[in-house]
Amino acid sequence: METFSSREWGYLGYVDSDGTPVFYRDVTRRHTLATPFDVTGRQTLPRVDIVYSYSGADGLLIEAVRQHGSDGLVIVGFGSGSLSSAIFEAGAQAIQHGLPVVIASRATSGRTLMTPRKEAAGYLVADDLLPQKARILLMLALVETRDRQALQEMFYTY
C-alpha cells in the first residue's frame with residue numbers, strides 16, 4: 001500500500017477524478033528524464049540482490065550472492081543502516097571481491113548515513129531510499145559505472 005508515497009516528505013500533489021495533476025510542491029532531486037540513465041535497447045539490467053541483516057544473521061546469504069555472480073548487493077540494516085557484526089564483515093569481504101554493496105535501512109523514515117567505518121570498508125549508503133528503490137537505482141547506476149565514488153554520488157543525487 002502507498003507504494004508511490006514519499007513517506008515523511010508528504011504528497012507532491014493530487015490527481016483527482018478529472019485526471020488533471022495538481023502539484024503543490026516541487027521535487028528538487030533530479031529524476032526520470034533529468035538523469036543520465038539510458039536503458040534504450042537493453043533487454044536486462046545488472047543483477048542486484050537484497051539481503052536483510054537480523055539478529056543472529058551470519059554471512060551465508062551475502063557469500064551466496066557474491067559467489068552466484070551478482071553485479072551488486074543491497075544490505076538492509078536496522079535504523080540508520082546499522083548492521084550486525086557478522087553481516088558487516090561479510091559485506092566488507094564482498095566489497096573486497098569487487099561487489100558494490102549499498103546499505104539501506106528497514107526503517108520507514110530517516111536516512112542511512114555514511115560513517116567512517118562504512119567508508120573505510122568501501123560501503124555505499126542509500127540515503128533515504130527504501131531497499132527496493134536502492135536496488136533499482138543501483139541496477140541503473142551499474143549500467144553507467146562501477147566507480148564507487150560515482151555510485152555514491154548517484155545515491156546522494158537521485
# chains A, B, ... in the order shown; residues from 1 in each chain; ligands from 1

call {"tool": "closest_atom_pairs", "arguments": {"of": "stretch 8-72 of chain A", "to": "stretch 78-92 of chain A", "cutoff": "12 Å", "atoms": "only C-alpha atoms", "output": "CSV"}}
result
residue,atom,partner,partner_atom,distance
A:Ile50,CA,A:Gly91,CA,11.7
A:Val51,CA,A:Ile87,CA,9.4
A:Tyr52,CA,A:Ile87,CA,8.8
A:Ser53,CA,A:Leu83,CA,6.0
A:Tyr54,CA,A:Ser84,CA,6.9
A:Ser55,CA,A:Ser84,CA,6.8
A:Gly56,CA,A:Ser84,CA,7.8
A:Ala57,CA,A:Ile87,CA,6.7
A:Asp58,CA,A:Ala86,CA,5.2
A:Gly59,CA,A:Ala90,CA,4.9
A:Leu60,CA,A:Ala90,CA,8.1
A:Leu61,CA,A:Ala90,CA,9.1
A:Ile62,CA,A:Ala90,CA,6.4
A:Glu63,CA,A:Ala90,CA,7.0
A:Ala64,CA,A:Ala90,CA,10.6
A:Val65,CA,A:Gly91,CA,10.4
A:Arg66,CA,A:Gly91,CA,9.4
A:Gly72,CA,A:Gly91,CA,10.9

call {"tool": "closest_atom_pairs", "arguments": {"of": "stretch 30-115 of chain A", "to": "stretch 137-143 of chain A", "cutoff": "10 Å", "atoms": "only C-alpha atoms", "output": "tab-separated table"}}
result
residue	atom	partner	partner_atom	distance
A:Pro36	CA	A:Ala141	CA	8.9
A:Phe37	CA	A:Leu140	CA	6.3
A:Asp38	CA	A:Leu140	CA	8.3
A:Val39	CA	A:Val143	CA	7.9
A:Arg42	CA	A:Val143	CA	9.8
A:Thr44	CA	A:Met139	CA	9.7
A:Leu45	CA	A:Met139	CA	6.0
A:Pro46	CA	A:Met139	CA	5.4
A:Arg47	CA	A:Met139	CA	6.8
A:Val48	CA	A:Met139	CA	6.2
A:Asp49	CA	A:Met139	CA	9.7
A:Asp71	CA	A:Leu142	CA	7.9
A:Gly72	CA	A:Leu138	CA	7.2
A:Leu73	CA	A:Leu138	CA	8.4
A:Val74	CA	A:Leu138	CA	8.4
A:Pro100	CA	A:Leu138	CA	8.7
A:Val101	CA	A:Leu138	CA	9.1
A:Val102	CA	A:Leu138	CA	8.1

call {"tool": "write_last_selection", "arguments": {"atoms": "all heavy atoms", "output": "compact mmCIF listing (two decimals), in the first residue's frame"}}
result
# COMPACT_ATOMS: atom_id res chain seq x y z
N PRO A 36 21.16 10.55 -16.08
CA PRO A 36 21.97 10.04 -17.19
C PRO A 36 21.61 8.61 -17.59
O PRO A 36 22.21 8.07 -18.51
CB PRO A 36 23.39 10.07 -16.60
CG PRO A 36 23.17 9.83 -15.15
CD PRO A 36 21.88 10.56 -14.82
N PHE A 37 20.65 8.02 -16.93
CA PHE A 37 20.36 6.61 -17.15
C PHE A 37 19.61 6.38 -18.45
O PHE A 37 18.50 6.84 -18.63
CB PHE A 37 19.56 6.03 -15.98
CG PHE A 37 20.18 6.34 -14.65
CD1 PHE A 37 19.48 7.05 -13.69
CD2 PHE A 37 21.47 5.92 -14.36
CE1 PHE A 37 20.06 7.34 -12.47
CE2 PHE A 37 22.05 6.21 -13.14
CZ PHE A 37 21.35 6.92 -12.19
N ASP A 38 20.26 5.66 -19.35
CA ASP A 38 19.65 5.34 -20.64
C ASP A 38 19.70 3.83 -20.81
O ASP A 38 20.77 3.25 -20.97
CB ASP A 38 20.39 6.04 -21.78
CG ASP A 38 19.76 5.78 -23.13
OD1 ASP A 38 18.66 5.17 -23.20
OD2 ASP A 38 20.37 6.17 -24.14
N VAL A 39 18.55 3.21 -20.79
CA VAL A 39 18.49 1.75 -20.95
C VAL A 39 17.86 1.38 -22.28
O VAL A 39 17.44 0.24 -22.48
CB VAL A 39 17.75 1.09 -19.76
CG1 VAL A 39 18.53 1.29 -18.48
CG2 VAL A 39 16.35 1.64 -19.63
N ARG A 42 18.29 -2.10 -24.12
CA ARG A 42 18.75 -3.14 -23.19
C ARG A 42 17.61 -4.10 -22.91
O ARG A 42 16.48 -3.69 -22.69
CB ARG A 42 19.22 -2.53 -21.87
CG ARG A 42 20.50 -1.71 -22.00
CD ARG A 42 20.97 -1.27 -20.63
NE ARG A 42 21.40 -2.41 -19.84
CZ ARG A 42 22.66 -2.85 -19.77
NH1 ARG A 42 23.60 -2.23 -20.44
NH2 ARG A 42 22.97 -3.88 -19.02
N THR A 44 18.11 -6.47 -20.41
CA THR A 44 18.25 -6.75 -18.98
C THR A 44 19.05 -5.65 -18.32
O THR A 44 19.76 -4.89 -18.99
CB THR A 44 18.97 -8.09 -18.73
OG1 THR A 44 20.29 -8.01 -19.26
CG2 THR A 44 18.21 -9.26 -19.35
N LEU A 45 18.96 -5.59 -17.02
CA LEU A 45 19.77 -4.71 -16.20
C LEU A 45 20.69 -5.57 -15.35
O LEU A 45 20.44 -6.77 -15.18
CB LEU A 45 18.89 -3.84 -15.31
CG LEU A 45 18.06 -2.78 -16.02
CD1 LEU A 45 17.12 -2.09 -15.03
CD2 LEU A 45 18.96 -1.74 -16.69
N PRO A 46 21.74 -4.99 -14.79
CA PRO A 46 22.60 -5.77 -13.90
C PRO A 46 21.80 -6.39 -12.76
O PRO A 46 20.83 -5.80 -12.27
CB PRO A 46 23.59 -4.72 -13.38
CG PRO A 46 23.64 -3.68 -14.45
CD PRO A 46 22.23 -3.61 -14.98
N ARG A 47 22.23 -7.57 -12.35
CA ARG A 47 21.54 -8.26 -11.25
C ARG A 47 21.99 -7.65 -9.92
O ARG A 47 23.20 -7.59 -9.63
CB ARG A 47 21.85 -9.75 -11.28
CG ARG A 47 21.16 -10.49 -10.14
CD ARG A 47 21.54 -11.95 -10.09
NE ARG A 47 20.95 -12.52 -8.91
CZ ARG A 47 20.08 -13.53 -8.94
NH1 ARG A 47 19.73 -14.07 -10.09
NH2 ARG A 47 19.59 -14.01 -7.81
N VAL A 48 21.03 -7.23 -9.12
CA VAL A 48 21.29 -6.70 -7.78
C VAL A 48 20.35 -7.43 -6.82
O VAL A 48 19.13 -7.44 -7.03
CB VAL A 48 21.07 -5.17 -7.71
CG1 VAL A 48 21.19 -4.68 -6.28
CG2 VAL A 48 22.08 -4.45 -8.61
N ASP A 49 20.91 -8.03 -5.79
CA ASP A 49 20.12 -8.76 -4.81
C ASP A 49 20.00 -7.96 -3.51
O ASP A 49 20.76 -7.02 -3.28
CB ASP A 49 20.77 -10.12 -4.53
CG ASP A 49 20.68 -11.03 -5.73
OD1 ASP A 49 19.56 -11.47 -6.04
OD2 ASP A 49 21.71 -11.28 -6.37
N ASP A 71 25.78 -8.62 -9.68
CA ASP A 71 26.52 -7.41 -10.04
C ASP A 71 26.56 -6.40 -8.91
O ASP A 71 27.38 -5.49 -8.91
CB ASP A 71 25.88 -6.77 -11.28
CG ASP A 71 25.92 -7.70 -12.47
OD1 ASP A 71 27.03 -8.09 -12.88
OD2 ASP A 71 24.84 -8.06 -12.97
N GLY A 72 25.64 -6.54 -7.94
CA GLY A 72 25.58 -5.62 -6.83
C GLY A 72 24.71 -6.19 -5.73
O GLY A 72 24.00 -7.18 -5.93
N LEU A 73 24.76 -5.55 -4.57
CA LEU A 73 24.03 -6.04 -3.40
C LEU A 73 23.53 -4.86 -2.58
O LEU A 73 24.26 -3.89 -2.39
CB LEU A 73 24.94 -6.92 -2.55
CG LEU A 73 24.40 -7.41 -1.21
CD1 LEU A 73 23.20 -8.33 -1.40
CD2 LEU A 73 25.51 -8.12 -0.43
N VAL A 74 22.31 -4.98 -2.09
CA VAL A 74 21.77 -4.05 -1.11
C VAL A 74 21.60 -4.83 0.18
O VAL A 74 20.92 -5.86 0.20
CB VAL A 74 20.42 -3.45 -1.55
CG1 VAL A 74 19.83 -2.58 -0.44
CG2 VAL A 74 20.57 -2.65 -2.83
N PRO A 100 29.83 -4.12 -5.58
CA PRO A 100 29.31 -2.90 -4.98
C PRO A 100 28.21 -3.24 -3.98
O PRO A 100 27.28 -3.99 -4.31
CB PRO A 100 28.74 -2.11 -6.17
CG PRO A 100 29.31 -2.75 -7.38
CD PRO A 100 29.58 -4.17 -7.03
N VAL A 101 28.31 -2.73 -2.75
CA VAL A 101 27.35 -3.05 -1.69
C VAL A 101 26.80 -1.76 -1.11
O VAL A 101 27.56 -0.91 -0.63
CB VAL A 101 27.99 -3.91 -0.58
CG1 VAL A 101 26.97 -4.21 0.51
CG2 VAL A 101 28.56 -5.20 -1.16
N VAL A 102 25.47 -1.65 -1.16
CA VAL A 102 24.75 -0.48 -0.62
C VAL A 102 24.08 -0.88 0.68
O VAL A 102 23.47 -1.95 0.76
CB VAL A 102 23.68 0.01 -1.62
CG1 VAL A 102 22.88 1.16 -1.03
CG2 VAL A 102 24.31 0.40 -2.94

call {"tool": "closest_residue", "arguments": {"among": "A:Thr157, A:Gln93, A:Thr35, A:Thr108", "to": "A:Ala121", "atoms": "only C-alpha atoms"}}
result
A:Gln93

call {"tool": "select_by_dssp", "arguments": {"residues": "stretch 56-158 of chain A", "states": "alpha helix (DSSP H)", "output": "VMD selection string"}}
result
chain A and resid 60 to 68 85 to 96 116 to 121 131 to 144 148 to 157

call {"tool": "residues_around", "arguments": {"residues": "A:Leu130", "least_positions_apart": "5", "cutoff": "9 Å", "atoms": "only C-alpha atoms", "output": "PyMOL selection string"}}
result
chain A and resi 76+104-109+135

call {"tool": "write_last_selection", "arguments": {"atoms": "N, CA and C atoms", "output": "compact mmCIF listing (two decimals), in the first residue's frame"}}
result
# COMPACT_ATOMS: atom_id res chain seq x y z
N VAL A 76 20.08 -4.68 3.89
CA VAL A 76 19.08 -3.93 4.65
C VAL A 76 19.43 -4.02 6.12
N ALA A 104 21.04 0.02 3.10
CA ALA A 104 19.77 0.73 3.24
C ALA A 104 19.21 0.41 4.63
N SER A 105 18.13 1.04 4.98
CA SER A 105 17.51 0.83 6.28
C SER A 105 16.12 0.25 6.12
N ARG A 106 15.74 -0.61 7.05
CA ARG A 106 14.38 -1.14 7.06
C ARG A 106 13.39 -0.15 7.68
N ALA A 107 13.89 0.89 8.33
CA ALA A 107 13.01 1.89 8.94
C ALA A 107 12.25 2.63 7.85
N THR A 108 11.05 3.03 8.15
CA THR A 108 10.22 3.68 7.13
C THR A 108 10.47 5.18 7.03
N SER A 109 11.38 5.70 7.82
CA SER A 109 11.74 7.10 7.70
C SER A 109 13.19 7.27 8.13
N ARG A 135 17.81 -0.71 -4.68
CA ARG A 135 18.14 -1.78 -5.64
C ARG A 135 17.97 -1.30 -7.07

call {"tool": "select_by_dssp", "arguments": {"residues": "stretch 40-153 of chain A", "states": "strand (DSSP E or B)", "output": "JSON, numbers by chain"}}
result
{"A": [48, 49, 50, 51, 52, 72, 73, 74, 75, 76, 77, 101, 102, 103, 104, 105, 112, 124, 125, 127]}

call {"tool": "write_last_selection", "arguments": {"atoms": "C-alpha atoms", "output": "mmCIF file, in the first residue's frame"}}
result
data_model
loop_
_atom_site.group_PDB
_atom_site.id
_atom_site.type_symbol
_atom_site.label_atom_id
_atom_site.label_comp_id
_atom_site.auth_asym_id
_atom_site.auth_seq_id
_atom_site.Cartn_x
_atom_site.Cartn_y
_atom_site.Cartn_z
ATOM 1 C CA VAL A 48 21.286 -6.704 -7.782
ATOM 2 C CA ASP A 49 20.123 -8.757 -4.807
ATOM 3 C CA ILE A 50 18.801 -7.736 -1.383
ATOM 4 C CA VAL A 51 19.882 -9.366 1.903
ATOM 5 C CA TYR A 52 18.463 -8.432 5.307
ATOM 6 C CA GLY A 72 25.576 -5.616 -6.826
ATOM 7 C CA LEU A 73 24.027 -6.039 -3.402
ATOM 8 C CA VAL A 74 21.772 -4.048 -1.109
ATOM 9 C CA ILE A 75 22.063 -4.971 2.558
ATOM 10 C CA VAL A 76 19.078 -3.933 4.647
ATOM 11 C CA GLY A 77 20.128 -2.830 8.095
ATOM 12 C CA VAL A 101 27.351 -3.049 -1.695
ATOM 13 C CA VAL A 102 24.750 -0.484 -0.618
ATOM 14 C CA ILE A 103 23.434 -0.255 2.922
ATOM 15 C CA ALA A 104 19.770 0.726 3.242
ATOM 16 C CA SER A 105 17.513 0.826 6.282
ATOM 17 C CA THR A 112 21.147 5.747 6.049
ATOM 18 C CA LEU A 124 27.757 2.785 -0.284
ATOM 19 C CA VAL A 125 24.740 4.214 1.569
ATOM 20 C CA ASP A 127 20.477 7.937 1.872
#

call {"tool": "closest_residue", "arguments": {"among": "A:Ala94, A:Gly122, A:Asp128, A:Gln43", "to": "A:Gly110", "atoms": "only C-alpha atoms"}}
result
A:Asp128
